[in-house]
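model14.cif follows; it contains mmCIF, C-alpha atoms.
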data_data
loop_
_atom_site.group_PDB
_atom_site.id
_atom_site.type_symbol
_atom_site.label_atom_id
_atom_site.label_comp_id
_atom_site.auth_asym_id
_atom_site.auth_seq_id
_atom_site.Cartn_x
_atom_site.Cartn_y
_atom_site.Cartn_z
ATOM 1 C CA MET R 1 120.274 155.123 144.504
ATOM 2 C CA PRO R 2 116.765 154.721 145.951
ATOM 3 C CA SER R 3 114.906 151.727 144.556
ATOM 4 C CA LEU R 4 111.567 153.547 144.472
ATOM 5 C CA PHE R 5 110.462 157.059 143.578
ATOM 6 C CA ALA R 6 107.081 158.579 144.429
ATOM 7 C CA THR R 7 105.464 161.815 143.301
ATOM 8 C CA THR R 8 101.971 162.922 144.184
ATOM 9 C CA ARG R 9 99.344 164.855 142.234
ATOM 10 C CA GLU R 10 95.929 165.962 143.453
ATOM 11 C CA TYR R 11 92.708 166.531 141.525
ATOM 12 C CA SER R 12 89.304 167.206 143.091
ATOM 13 C CA GLY R 13 90.269 165.706 146.441
ATOM 14 C CA ILE R 14 91.773 162.581 144.889
ATOM 15 C CA THR R 15 95.495 161.962 145.302
ATOM 16 C CA LEU R 16 97.402 160.144 142.608
ATOM 17 C CA VAL R 17 100.754 158.716 143.611
ATOM 18 C CA ASP R 18 103.029 157.953 140.653
ATOM 19 C CA LEU R 19 105.475 155.261 141.707
ATOM 20 C CA SER R 20 108.482 154.060 139.755
ATOM 21 C CA GLY R 21 111.067 151.406 140.535
ATOM 22 C CA ARG R 22 110.883 148.458 142.909
ATOM 23 C CA ILE R 23 108.617 147.978 145.916
ATOM 24 C CA SER R 24 110.715 145.487 147.801
ATOM 25 C CA LEU R 25 112.229 144.800 151.212
ATOM 26 C CA GLY R 26 114.186 147.845 152.341
ATOM 27 C CA ASP R 27 113.810 151.406 151.150
ATOM 28 C CA GLY R 28 111.162 150.652 148.497
ATOM 29 C CA SER R 29 108.652 149.261 150.979
ATOM 30 C CA ALA R 30 109.605 151.932 153.514
ATOM 31 C CA LEU R 31 108.967 154.762 151.047
ATOM 32 C CA LEU R 32 105.549 153.403 150.124
ATOM 33 C CA ARG R 33 104.646 153.102 153.814
ATOM 34 C CA LYS R 34 105.784 156.673 154.533
ATOM 35 C CA THR R 35 104.005 158.068 151.483
ATOM 36 C CA VAL R 36 100.650 156.549 152.442
ATOM 37 C CA ARG R 37 101.028 157.505 156.112
ATOM 38 C CA ASP R 38 101.931 161.097 155.211
ATOM 39 C CA LEU R 39 98.863 161.354 152.969
ATOM 40 C CA LEU R 40 96.617 160.009 155.736
ATOM 41 C CA ASP R 41 98.168 162.442 158.219
ATOM 42 C CA GLU R 42 97.207 165.237 155.815
ATOM 43 C CA GLY R 43 93.656 163.901 155.737
ATOM 44 C CA ARG R 44 93.902 162.627 152.173
ATOM 45 C CA THR R 45 91.951 159.384 152.055
ATOM 46 C CA LYS R 46 91.091 159.002 148.354
ATOM 47 C CA ILE R 47 94.286 157.559 146.967
ATOM 48 C CA ILE R 48 95.270 155.988 143.658
ATOM 49 C CA LEU R 49 98.659 154.289 143.397
ATOM 50 C CA ASN R 50 99.884 154.429 139.808
ATOM 51 C CA LEU R 51 102.100 151.344 139.449
ATOM 52 C CA GLY R 52 102.736 151.766 135.719
ATOM 53 C CA ASP R 53 106.476 152.160 136.240
ATOM 54 C CA VAL R 54 106.815 149.624 139.038
ATOM 55 C CA ASN R 55 108.605 146.694 137.504
ATOM 56 C CA TYR R 56 109.112 144.580 140.602
ATOM 57 C CA ILE R 57 107.288 143.807 143.846
ATOM 58 C CA ASP R 58 108.313 141.147 146.358
ATOM 59 C CA SER R 59 106.352 139.747 149.322
ATOM 60 C CA SER R 60 107.432 142.710 151.445
ATOM 61 C CA GLY R 61 106.057 145.096 148.817
ATOM 62 C CA ILE R 62 102.814 143.117 148.586
ATOM 63 C CA GLY R 63 102.542 143.350 152.357
ATOM 64 C CA GLU R 64 103.028 147.090 152.173
ATOM 65 C CA LEU R 65 100.288 147.473 149.554
ATOM 66 C CA VAL R 66 97.926 145.505 151.794
ATOM 67 C CA SER R 67 98.979 147.537 154.820
ATOM 68 C CA GLY R 68 98.282 150.783 152.935
ATOM 69 C CA PHE R 69 94.936 149.469 151.725
ATOM 70 C CA THR R 70 93.890 148.604 155.292
ATOM 71 C CA ALA R 71 95.206 151.845 156.803
ATOM 72 C CA VAL R 72 93.291 153.971 154.296
ATOM 73 C CA ARG R 73 90.131 151.918 154.721
ATOM 74 C CA ASN R 74 90.376 152.283 158.517
ATOM 75 C CA ARG R 75 90.272 156.062 158.000
ATOM 76 C CA GLY R 76 87.119 155.728 155.934
ATOM 77 C CA GLY R 77 88.914 156.170 152.620
ATOM 78 C CA GLU R 78 89.883 154.045 149.647
ATOM 79 C CA LEU R 79 93.191 153.070 148.102
ATOM 80 C CA LYS R 80 93.027 151.890 144.498
ATOM 81 C CA LEU R 81 95.610 150.643 142.018
ATOM 82 C CA LEU R 82 96.264 151.888 138.496
ATOM 83 C CA ASN R 83 98.269 150.579 135.523
ATOM 84 C CA LEU R 84 99.653 147.271 136.723
ATOM 85 C CA THR R 85 102.575 145.834 134.789
ATOM 86 C CA LYS R 86 102.231 142.182 133.781
ATOM 87 C CA LYS R 87 104.509 140.978 136.565
ATOM 88 C CA VAL R 88 102.606 142.899 139.229
ATOM 89 C CA HIS R 89 99.275 141.831 137.740
ATOM 90 C CA ASP R 90 100.343 138.168 137.862
ATOM 91 C CA LEU R 91 101.550 138.519 141.449
ATOM 92 C CA LEU R 92 98.270 140.032 142.609
ATOM 93 C CA GLN R 93 96.391 137.346 140.748
ATOM 94 C CA ILE R 94 98.199 134.348 142.244
ATOM 95 C CA THR R 95 97.997 135.853 145.741
ATOM 96 C CA LYS R 96 94.247 136.473 145.219
ATOM 97 C CA LEU R 97 94.720 140.161 145.988
ATOM 98 C CA PHE R 98 93.179 141.045 142.661
ATOM 99 C CA THR R 99 89.869 140.326 144.392
ATOM 100 C CA VAL R 100 90.742 142.733 147.224
ATOM 101 C CA PHE R 101 92.000 145.813 145.392
ATOM 102 C CA ASP R 102 90.097 147.965 142.941
ATOM 103 C CA VAL R 103 92.359 147.885 139.888
ATOM 104 C CA PHE R 104 92.125 150.208 136.864
ATOM 105 C CA ASN R 105 93.866 150.472 133.529
ATOM 106 C CA ASP R 106 93.211 154.149 132.898
ATOM 107 C CA GLU R 107 93.426 157.194 135.082
ATOM 108 C CA ALA R 108 90.088 158.767 134.143
ATOM 109 C CA THR R 109 88.116 155.643 135.061
ATOM 110 C CA ALA R 110 90.042 155.326 138.318
ATOM 111 C CA MET R 111 89.227 158.953 139.160
ATOM 112 C CA ARG R 112 85.548 158.530 138.305
ATOM 113 C CA SER R 113 85.303 155.464 140.549
ATOM 114 C CA PHE R 114 85.448 157.760 143.578
ATOM 115 C CA GLU R 115 82.293 159.632 142.536
ATOM 116 C CA MET P 1 132.880 110.166 132.881
ATOM 117 C CA ALA P 2 130.227 111.239 135.393
ATOM 118 C CA PRO P 3 128.316 114.420 134.501
ATOM 119 C CA GLU P 4 129.743 117.437 136.275
ATOM 120 C CA THR P 5 127.710 119.257 138.906
ATOM 121 C CA LYS P 6 128.614 122.900 139.292
ATOM 122 C CA HIS P 7 128.484 124.127 142.818
ATOM 123 C CA LEU P 8 128.614 127.558 144.442
ATOM 124 C CA GLU P 9 128.436 128.240 148.150
ATOM 125 C CA VAL P 10 128.243 131.658 149.789
ATOM 126 C CA THR P 11 127.865 132.761 153.400
ATOM 127 C CA LEU P 12 125.873 135.955 153.735
ATOM 128 C CA ASP P 13 125.463 138.387 156.600
ATOM 129 C CA THR P 14 122.023 138.818 158.123
ATOM 130 C CA HIS P 15 121.460 142.123 156.389
ATOM 131 C CA VAL P 16 118.897 143.538 153.957
ATOM 132 C CA GLU P 17 121.595 143.914 151.295
ATOM 133 C CA SER P 18 122.172 140.142 151.377
ATOM 134 C CA VAL P 19 118.695 139.713 149.910
ATOM 135 C CA ASN P 20 119.608 141.719 146.805
ATOM 136 C CA LEU P 21 123.033 140.092 146.569
ATOM 137 C CA ALA P 22 121.612 136.552 146.689
ATOM 138 C CA GLU P 23 118.991 137.414 144.095
ATOM 139 C CA GLU P 24 121.558 138.942 141.733
ATOM 140 C CA MET P 25 123.937 135.993 142.062
ATOM 141 C CA CYS P 26 121.251 133.414 141.376
ATOM 142 C CA VAL P 27 119.850 135.344 138.425
ATOM 143 C CA ARG P 28 123.325 135.472 136.868
ATOM 144 C CA VAL P 29 123.754 131.728 137.302
ATOM 145 C CA ALA P 30 120.262 131.147 135.876
ATOM 146 C CA GLU P 31 121.019 133.347 132.859
ATOM 147 C CA ALA P 32 124.262 131.486 132.241
ATOM 148 C CA ALA P 33 122.378 128.194 132.517
ATOM 149 C CA GLY P 34 120.074 129.293 129.682
ATOM 150 C CA PHE P 35 116.860 130.196 131.494
ATOM 151 C CA ASN P 36 114.779 132.834 129.736
ATOM 152 C CA GLU P 37 113.919 136.223 131.228
ATOM 153 C CA ASP P 38 110.645 135.084 132.820
ATOM 154 C CA GLU P 39 112.237 132.064 134.438
ATOM 155 C CA CYS P 40 115.177 134.127 135.679
ATOM 156 C CA TYR P 41 112.689 136.516 137.272
ATOM 157 C CA ARG P 42 110.918 133.622 139.021
ATOM 158 C CA ILE P 43 114.170 132.077 140.217
ATOM 159 C CA GLY P 44 115.414 135.480 141.429
ATOM 160 C CA MET P 45 112.139 136.184 143.236
ATOM 161 C CA SER P 46 112.210 132.742 144.888
ATOM 162 C CA VAL P 47 115.772 133.163 146.111
ATOM 163 C CA ARG P 48 114.912 136.634 147.318
ATOM 164 C CA GLU P 49 111.943 135.276 149.288
ATOM 165 C CA GLY P 50 114.076 132.459 150.687
ATOM 166 C CA VAL P 51 116.727 134.854 151.926
ATOM 167 C CA ILE P 52 114.090 137.262 153.301
ATOM 168 C CA ASN P 53 112.691 134.284 155.204
ATOM 169 C CA ALA P 54 116.148 133.460 156.605
ATOM 170 C CA PHE P 55 116.902 137.113 157.378
ATOM 171 C CA HIS P 56 113.616 137.953 159.074
ATOM 172 C CA TYR P 57 112.009 134.791 160.438
ATOM 173 C CA GLY P 58 114.994 132.442 160.770
ATOM 174 C CA ASN P 59 117.774 134.686 162.020
ATOM 175 C CA GLN P 60 115.366 137.254 163.496
ATOM 176 C CA GLU P 61 117.499 139.991 161.857
ATOM 177 C CA LYS P 62 120.316 139.236 164.339
ATOM 178 C CA PRO P 63 123.576 140.406 162.726
ATOM 179 C CA GLU P 64 125.720 137.765 164.455
ATOM 180 C CA LYS P 65 123.876 135.018 162.579
ATOM 181 C CA LYS P 66 124.635 133.960 159.012
ATOM 182 C CA ILE P 67 122.668 132.893 155.966
ATOM 183 C CA HIS P 68 124.139 130.072 153.898
ATOM 184 C CA LEU P 69 123.315 130.037 150.205
ATOM 185 C CA GLU P 70 124.199 127.139 147.962
ATOM 186 C CA ILE P 71 123.588 126.828 144.230
ATOM 187 C CA GLU P 72 123.973 123.539 142.371
ATOM 188 C CA LEU P 73 123.743 123.137 138.638
ATOM 189 C CA THR P 74 123.286 119.555 137.533
ATOM 190 C CA GLU P 75 122.648 118.407 133.992
ATOM 191 C CA GLU P 76 118.920 118.627 134.667
ATOM 192 C CA ARG P 77 118.206 121.160 137.369
ATOM 193 C CA MET P 78 119.262 124.311 139.141
ATOM 194 C CA ILE P 79 118.965 123.603 142.868
ATOM 195 C CA ILE P 80 119.154 126.331 145.497
ATOM 196 C CA HIS P 81 119.552 125.838 149.233
ATOM 197 C CA VAL P 82 119.005 128.639 151.750
ATOM 198 C CA LEU P 83 119.990 127.754 155.304
ATOM 199 C CA ASP P 84 119.450 129.975 158.332
ATOM 200 C CA GLU P 85 120.604 129.757 161.956
ATOM 201 C CA GLY P 86 117.192 130.052 163.567
ATOM 202 C CA LYS P 87 114.903 127.535 165.228
ATOM 203 C CA GLY P 88 113.533 125.934 162.079
ATOM 204 C CA PHE P 89 109.903 125.434 161.090
ATOM 205 C CA ARG P 90 107.619 122.914 159.482
ATOM 206 C CA LEU P 91 105.990 123.643 156.171
ATOM 207 C CA THR P 92 102.703 122.310 157.516
ATOM 208 C CA ASP P 93 102.684 125.043 160.180
ATOM 209 C CA VAL P 94 102.792 127.864 157.610
ATOM 210 C CA PRO P 95 99.361 129.519 157.250
ATOM 211 C CA ASP P 96 97.786 129.510 153.793
ATOM 212 C CA PRO P 97 97.982 133.107 152.500
ATOM 213 C CA LEU P 98 95.087 132.412 150.135
ATOM 214 C CA ALA P 99 92.681 131.572 152.961
ATOM 215 C CA GLN P 100 90.027 134.266 153.267
ATOM 216 C CA GLU P 101 91.081 135.139 156.818
ATOM 217 C CA ASN P 102 94.704 135.677 155.695
ATOM 218 C CA LEU P 103 94.121 137.677 152.505
ATOM 219 C CA LEU P 104 94.686 140.990 154.284
ATOM 220 C CA SER P 105 97.708 139.776 156.201
ATOM 221 C CA THR P 106 100.716 142.009 155.645
ATOM 222 C CA SER P 107 103.142 139.057 155.663
ATOM 223 C CA GLY P 108 103.319 135.322 155.064
ATOM 224 C CA ARG P 109 103.404 135.112 151.255
ATOM 225 C CA GLY P 110 107.080 134.255 150.720
ATOM 226 C CA ILE P 111 106.781 130.471 151.014
ATOM 227 C CA PHE P 112 103.735 130.536 148.751
ATOM 228 C CA LEU P 113 105.635 132.485 146.075
ATOM 229 C CA MET P 114 108.607 130.078 146.208
ATOM 230 C CA LYS P 115 106.243 127.124 145.753
ATOM 231 C CA ALA P 116 104.462 128.871 142.897
ATOM 232 C CA PHE P 117 107.586 129.965 141.021
ATOM 233 C CA MET P 118 109.820 126.901 141.369
ATOM 234 C CA ASP P 119 109.311 123.337 140.123
ATOM 235 C CA GLU P 120 110.236 121.846 143.486
ATOM 236 C CA PHE P 121 110.245 123.272 146.976
ATOM 237 C CA ASP P 122 110.680 121.812 150.445
ATOM 238 C CA VAL P 123 111.924 122.701 153.915
ATOM 239 C CA HIS P 124 114.313 120.465 155.866
ATOM 240 C CA PRO P 125 115.796 120.764 159.328
ATOM 241 C CA GLY P 126 119.241 122.336 158.844
ATOM 242 C CA LYS P 127 122.357 120.308 159.730
ATOM 243 C CA THR P 128 123.293 122.857 162.401
ATOM 244 C CA GLY P 129 119.752 123.778 163.419
ATOM 245 C CA GLY P 130 117.600 126.289 161.607
ATOM 246 C CA ALA P 131 115.656 125.681 158.442
ATOM 247 C CA GLU P 132 117.040 124.681 155.071
ATOM 248 C CA LEU P 133 114.869 125.729 152.148
ATOM 249 C CA VAL P 134 115.532 123.658 149.050
ATOM 250 C CA MET P 135 114.111 124.760 145.725
ATOM 251 C CA ALA P 136 114.774 123.586 142.205
ATOM 252 C CA LYS P 137 113.959 124.464 138.624
ATOM 253 C CA ARG P 138 114.388 122.153 135.674
ATOM 254 C CA LEU P 139 116.940 123.440 133.185
ATOM 255 C CA PRO P 140 115.549 124.626 129.860
ATOM 256 C CA THR P 141 115.826 122.294 126.925
ATOM 257 C CA LEU P 142 115.395 123.135 123.285
ATOM 258 C CA GLY P 143 111.707 123.278 122.410
ATOM 259 C CA SER P 144 110.523 123.369 126.019
ATOM 260 C CA PRO P 145 108.234 126.151 127.233
ATOM 261 C CA HIS P 146 111.103 127.318 129.459
ATOM 262 C CA SER P 147 113.343 128.174 126.543
ATOM 263 C CA ASN P 148 111.043 130.054 124.172
ATOM 264 C CA GLY P 149 110.757 133.296 126.081
ATOM 265 C CA ASN P 150 107.012 132.832 126.516
ATOM 266 C CA GLY P 151 106.826 131.108 129.873
ATOM 267 C CA SER P 152 103.267 131.059 131.122
ATOM 268 C CA ALA P 153 102.091 132.732 134.310
ATOM 269 C CA PRO P 154 102.368 130.612 137.424
ATOM 270 C CA ASN P 155 99.399 128.453 138.207
ATOM 271 C CA PRO P 156 97.224 130.355 140.689
ATOM 272 C CA GLY P 157 96.362 128.434 143.784
ATOM 273 C CA ALA P 158 98.167 125.298 142.703
ATOM 274 C CA PRO P 159 101.826 125.716 143.487
ATOM 275 C CA HIS P 160 104.011 122.866 142.387
ATOM 276 C CA GLN P 161 105.517 120.819 145.151
ATOM 277 C CA GLU P 162 107.468 117.712 144.329
ATOM 278 C CA ALA P 163 110.338 117.650 146.774
#
Whole structure given in structure tokens:
Amino acid sequence: MPSLFATTREYSGITLVDLSGRISLGDGSALLRKTVRDLLDEGRTKIILNLGDVNYIDSSGIGELVSGFTAVRNRGGELKLLNLTKKVHDLLQITKLFTVFDVFNDEATAMRSFE
Amino acid sequence: MAPETKHLEVTLDTHVESVNLAEEMCVRVAEAAGFNEDECYRIGMSVREGVINAFHYGNQEKPEKKIHLEIELTEERMIIHVLDEGKGFRLTDVPDPLAQENLLSTSGRGIFLMKAFMDEFDVHPGKTGGAELVMAKRLPTLGSPHSNGNGSAPNPGAPHQEA
């Protein structure tokens, strides 16, 4: 069974990616990478990753989030994070990535941040 | 009679699946040893990062090489050794992932996470070459913060290193 699932929604030029499962070494990190690359290939550069159902991220997954953040920024877009679980929140905090990513607790505010 | 040390040794293939296997095994041992859910998560994550390090950096993902995992349970601590068959490295040569210039690096956080999540962490030259990561966590005792299910978040920027 895949360790990560991703579904995308689009509103007003903003793409929300709902992720659930684990972003870890192997297929989880690979799926996140592919999802972000596919969106960029389609010209979608305003991206919100909804991590509300992501219960586990390892260093490989953190690396993939950073890679996605950089790739989107290099295309002139923005990648933001929504609904961090406590474990993911703590991980981003101790790795100081909380200062790098725009992080939101509700979808509407995350959407408005692109205005 | 001398206190008994429980000991488990496993040789793993250099394969992505070994990362999950090592994590699951260590979490089961940690659960049986009485660690709470938060501590089991931290131990599992640390073992996972140790085996990823052996798989990717140590053994360079070469399938003919092996990863040696050893778990010891003493009366006081759970000690985990992860030994690879690579060239070895020195802890002092590992870049600080919290340095401003490394914040956007896509790798290099595994050692930091092991230091942050375990009570002790060190790297030794392996007996047969390679690097041996040694990490330990004090066993929970009644009334300790480890045993009440409310373990605090790891200390940001100040990983514990006692080894």
Nearest residue to chain R from the set P:Thr92, P:Gln60, P:Ser46, P:Thr128 (distances using all atoms listed in the file):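 Distance minimum relative to chain R lands on P:Ser46.
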Residues matched by the PyMOL selection byres ((chain P and resi 85) around 7) as a PyMOL selection string: chain P and resi 58-59+65-66+83-84+86-87+129-130
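Taking all atoms listed in the file, the non-local environment of stretch 43-55 of chain R within 8 Å (same-chain residues fewer than 3 positions away omitted) comprises R:Gly13, R:Ile14, R:Thr15, R:Leu16, R:Val17, R:Asp18, R:Leu19, R:Ser20, R:Gly21, R:Arg22, R:Ile23, R:Leu39, R:Leu40, R:Val72, R:Arg75, R:Gly76, R:Gly77, R:Glu78, R:Leu79, R:Lys80, R:Leu81, R:Leu82, R:Asn83, R:Leu84, R:Thr85, R:Lys87, R:Val88, R:Ala110, R:Phe114.
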Residues of chain P within 9 Å of chain R, counting all atoms listed in the file, as a PyMOL selection string: chain P and resi 16-17+19+45+48-49+52+97-98+103-110+112-113+116+153-157
d(atom CA of P:Glu39, atom CA of P:Asp119) in Å: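 Answer for the atom CA of P:Glu39 to atom CA of P:Asp119 separation: 10.8 Å.
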Pick from P:Gly88, P:Met25, P:Gly50, P:Asn20 nearest to P:His124, counting all atoms listed in the file: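 Looking only at the distances to P:His124, the closest residue turns out to be P:Gly88.
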Atomic distance atom CA of P:Met114 - atom CA of P:Met135, expressed in Å with one decimal: 7.7 Å
Atomic distance atom CA of P:Phe117 - atom CA of P:Ile43, expressed in Å with one decimal: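 It comes out at 7.0 Å.
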Close residues, P:Leu91 itself excluded, 12 Å, only C-alpha atoms, min 4 positions apart in chain, as a PyMOL selection string: chain P and resi 95-96+110-112+115+121-125+131-134+161+163
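With only C-alpha atoms as the atoms that count, the minimum distance from P:Ile67 to the choices P:Arg42, P:His81, P:Lys137, P:Arg28 is reached by P:His81.
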Spatial neighbours of P:Glu9, max dist 9 Å, all atoms listed in the file, sep filter under 6 positions, as a PyMOL selection string: chain P and resi 68-72
For stretch 115-147 of chain P, where the input has fewer atoms than it should, I would like N, CA and C atoms rebuilt and written as a PDB file, in the coordinates of the input.
ATOM      1  N   LYS P 115     106.920 128.334 146.256  1.00  0.00           N
ATOM      2  CA  LYS P 115     106.243 127.124 145.753  1.00  0.00           C
ATOM      3  C   LYS P 115     105.669 127.366 144.359  1.00  0.00           C
ATOM      4  N   ALA P 116     105.114 128.567 144.172  1.00  0.00           N
ATOM      5  CA  ALA P 116     104.462 128.871 142.897  1.00  0.00           C
ATOM      6  C   ALA P 116     105.472 129.044 141.766  1.00  0.00           C
ATOM      7  N   PHE P 117     106.648 129.592 142.083  1.00  0.00           N
ATOM      8  CA  PHE P 117     107.586 129.965 141.021  1.00  0.00           C
ATOM      9  C   PHE P 117     108.628 128.891 140.703  1.00  0.00           C
ATOM     10  N   MET P 118     108.817 127.933 141.630  1.00  0.00           N
ATOM     11  CA  MET P 118     109.820 126.901 141.369  1.00  0.00           C
ATOM     12  C   MET P 118     109.131 125.579 141.049  1.00  0.00           C
ATOM     13  N   ASP P 119     109.881 124.649 140.433  1.00  0.00           N
ATOM     14  CA  ASP P 119     109.311 123.337 140.123  1.00  0.00           C
ATOM     15  C   ASP P 119     109.250 122.460 141.366  1.00  0.00           C
ATOM     16  N   GLU P 120     110.192 122.644 142.265  1.00  0.00           N
ATOM     17  CA  GLU P 120     110.236 121.846 143.486  1.00  0.00           C
ATOM     18  C   GLU P 120     110.552 122.766 144.648  1.00  0.00           C
ATOM     19  N   PHE P 121     109.953 122.468 145.786  1.00  0.00           N
ATOM     20  CA  PHE P 121     110.245 123.272 146.976  1.00  0.00           C
ATOM     21  C   PHE P 121     109.994 122.431 148.219  1.00  0.00           C
ATOM     22  N   ASP P 122     110.907 122.509 149.168  1.00  0.00           N
ATOM     23  CA  ASP P 122     110.680 121.812 150.445  1.00  0.00           C
ATOM     24  C   ASP P 122     111.504 122.494 151.536  1.00  0.00           C
ATOM     25  N   VAL P 123     111.181 122.171 152.762  1.00  0.00           N
ATOM     26  CA  VAL P 123     111.924 122.701 153.915  1.00  0.00           C
ATOM     27  C   VAL P 123     112.424 121.514 154.729  1.00  0.00           C
ATOM     28  N   HIS P 124     113.719 121.528 155.045  1.00  0.00           N
ATOM     29  CA  HIS P 124     114.313 120.465 155.866  1.00  0.00           C
ATOM     30  C   HIS P 124     114.899 121.079 157.130  1.00  0.00           C
ATOM     31  N   PRO P 125     115.036 120.272 158.173  1.00  0.00           N
ATOM     32  CA  PRO P 125     115.796 120.764 159.328  1.00  0.00           C
ATOM     33  C   PRO P 125     117.257 120.953 158.907  1.00  0.00           C
ATOM     34  N   GLY P 126     117.851 122.087 159.223  1.00  0.00           N
ATOM     35  CA  GLY P 126     119.241 122.336 158.844  1.00  0.00           C
ATOM     36  C   GLY P 126     120.200 121.460 159.639  1.00  0.00           C
ATOM     37  N   LYS P 127     121.378 121.191 159.064  1.00  0.00           N
ATOM     38  CA  LYS P 127     122.357 120.308 159.730  1.00  0.00           C
ATOM     39  C   LYS P 127     122.812 120.892 161.066  1.00  0.00           C
ATOM     40  N   THR P 128     122.833 122.211 161.161  1.00  0.00           N
ATOM     41  CA  THR P 128     123.293 122.857 162.401  1.00  0.00           C
ATOM     42  C   THR P 128     122.138 123.629 163.045  1.00  0.00           C
ATOM     43  N   GLY P 129     120.938 123.077 162.931  1.00  0.00           N
ATOM     44  CA  GLY P 129     119.752 123.778 163.419  1.00  0.00           C
ATOM     45  C   GLY P 129     119.237 124.696 162.331  1.00  0.00           C
ATOM     46  N   GLY P 130     118.160 125.394 162.606  1.00  0.00           N
ATOM     47  CA  GLY P 130     117.600 126.289 161.607  1.00  0.00           C
ATOM     48  C   GLY P 130     116.838 125.533 160.543  1.00  0.00           C
ATOM     49  N   ALA P 131     116.421 126.277 159.536  1.00  0.00           N
ATOM     50  CA  ALA P 131     115.656 125.681 158.442  1.00  0.00           C
ATOM     51  C   ALA P 131     116.481 125.731 157.169  1.00  0.00           C
ATOM     52  N   GLU P 132     116.391 124.683 156.375  1.00  0.00           N
ATOM     53  CA  GLU P 132     117.040 124.681 155.071  1.00  0.00           C
ATOM     54  C   GLU P 132     115.949 124.625 154.008  1.00  0.00           C
ATOM     55  N   LEU P 133     115.817 125.704 153.263  1.00  0.00           N
ATOM     56  CA  LEU P 133     114.869 125.729 152.148  1.00  0.00           C
ATOM     57  C   LEU P 133     115.584 125.166 150.930  1.00  0.00           C
ATOM     58  N   VAL P 134     114.947 124.243 150.262  1.00  0.00           N
ATOM     59  CA  VAL P 134     115.532 123.658 149.050  1.00  0.00           C
ATOM     60  C   VAL P 134     114.538 123.851 147.915  1.00  0.00           C
ATOM     61  N   MET P 135     115.005 124.516 146.866  1.00  0.00           N
ATOM     62  CA  MET P 135     114.111 124.760 145.725  1.00  0.00           C
ATOM     63  C   MET P 135     114.846 124.438 144.431  1.00  0.00           C
ATOM     64  N   ALA P 136     114.122 123.978 143.455  1.00  0.00           N
ATOM     65  CA  ALA P 136     114.774 123.586 142.205  1.00  0.00           C
ATOM     66  C   ALA P 136     113.918 123.948 141.002  1.00  0.00           C
ATOM     67  N   LYS P 137     114.612 124.169 139.907  1.00  0.00           N
ATOM     68  CA  LYS P 137     113.959 124.464 138.624  1.00  0.00           C
ATOM     69  C   LYS P 137     114.637 123.605 137.570  1.00  0.00           C
ATOM     70  N   ARG P 138     113.816 122.960 136.761  1.00  0.00           N
ATOM     71  CA  ARG P 138     114.388 122.153 135.674  1.00  0.00           C
ATOM     72  C   ARG P 138     115.064 123.061 134.653  1.00  0.00           C
ATOM     73  N   LEU P 139     116.224 122.631 134.177  1.00  0.00           N
ATOM     74  CA  LEU P 139     116.940 123.440 133.185  1.00  0.00           C
ATOM     75  C   LEU P 139     116.167 123.453 131.875  1.00  0.00           C
ATOM     76  N   PRO P 140     116.247 124.564 131.156  1.00  0.00           N
ATOM     77  CA  PRO P 140     115.549 124.626 129.860  1.00  0.00           C
ATOM     78  C   PRO P 140     116.179 123.667 128.860  1.00  0.00           C
ATOM     79  N   THR P 141     115.313 123.112 128.024  1.00  0.00           N
ATOM     80  CA  THR P 141     115.826 122.294 126.925  1.00  0.00           C
ATOM     81  C   THR P 141     115.254 122.860 125.646  1.00  0.00           C
ATOM     82  N   LEU P 142     115.878 122.606 124.557  1.00  0.00           N
ATOM     83  CA  LEU P 142     115.395 123.135 123.285  1.00  0.00           C
ATOM     84  C   LEU P 142     113.960 122.674 123.049  1.00  0.00           C
ATOM     85  N   GLY P 143     113.089 123.629 122.706  1.00  0.00           N
ATOM     86  CA  GLY P 143     111.707 123.278 122.410  1.00  0.00           C
ATOM     87  C   GLY P 143     110.803 123.230 123.620  1.00  0.00           C
ATOM     88  N   SER P 144     111.380 123.386 124.837  1.00  0.00           N
ATOM     89  CA  SER P 144     110.523 123.369 126.019  1.00  0.00           C
ATOM     90  C   SER P 144     109.937 124.750 126.237  1.00  0.00           C
ATOM     91  N   PRO P 145     108.836 124.835 126.979  1.00  0.00           N
ATOM     92  CA  PRO P 145     108.234 126.151 127.233  1.00  0.00           C
ATOM     93  C   PRO P 145     109.181 127.072 127.990  1.00  0.00           C
ATOM     94  N   HIS P 146     110.169 126.494 128.689  1.00  0.00           N
ATOM     95  CA  HIS P 146     111.103 127.318 129.459  1.00  0.00           C
ATOM     96  C   HIS P 146     112.063 128.086 128.562  1.00  0.00           C
ATOM     97  N   SER P 147     112.279 127.593 127.351  1.00  0.00           N
ATOM     98  CA  SER P 147     113.343 128.174 126.543  1.00  0.00           C
ATOM     99  C   SER P 147     112.852 129.082 125.425  1.00  0.00           C
TER     100      SER P 147
END
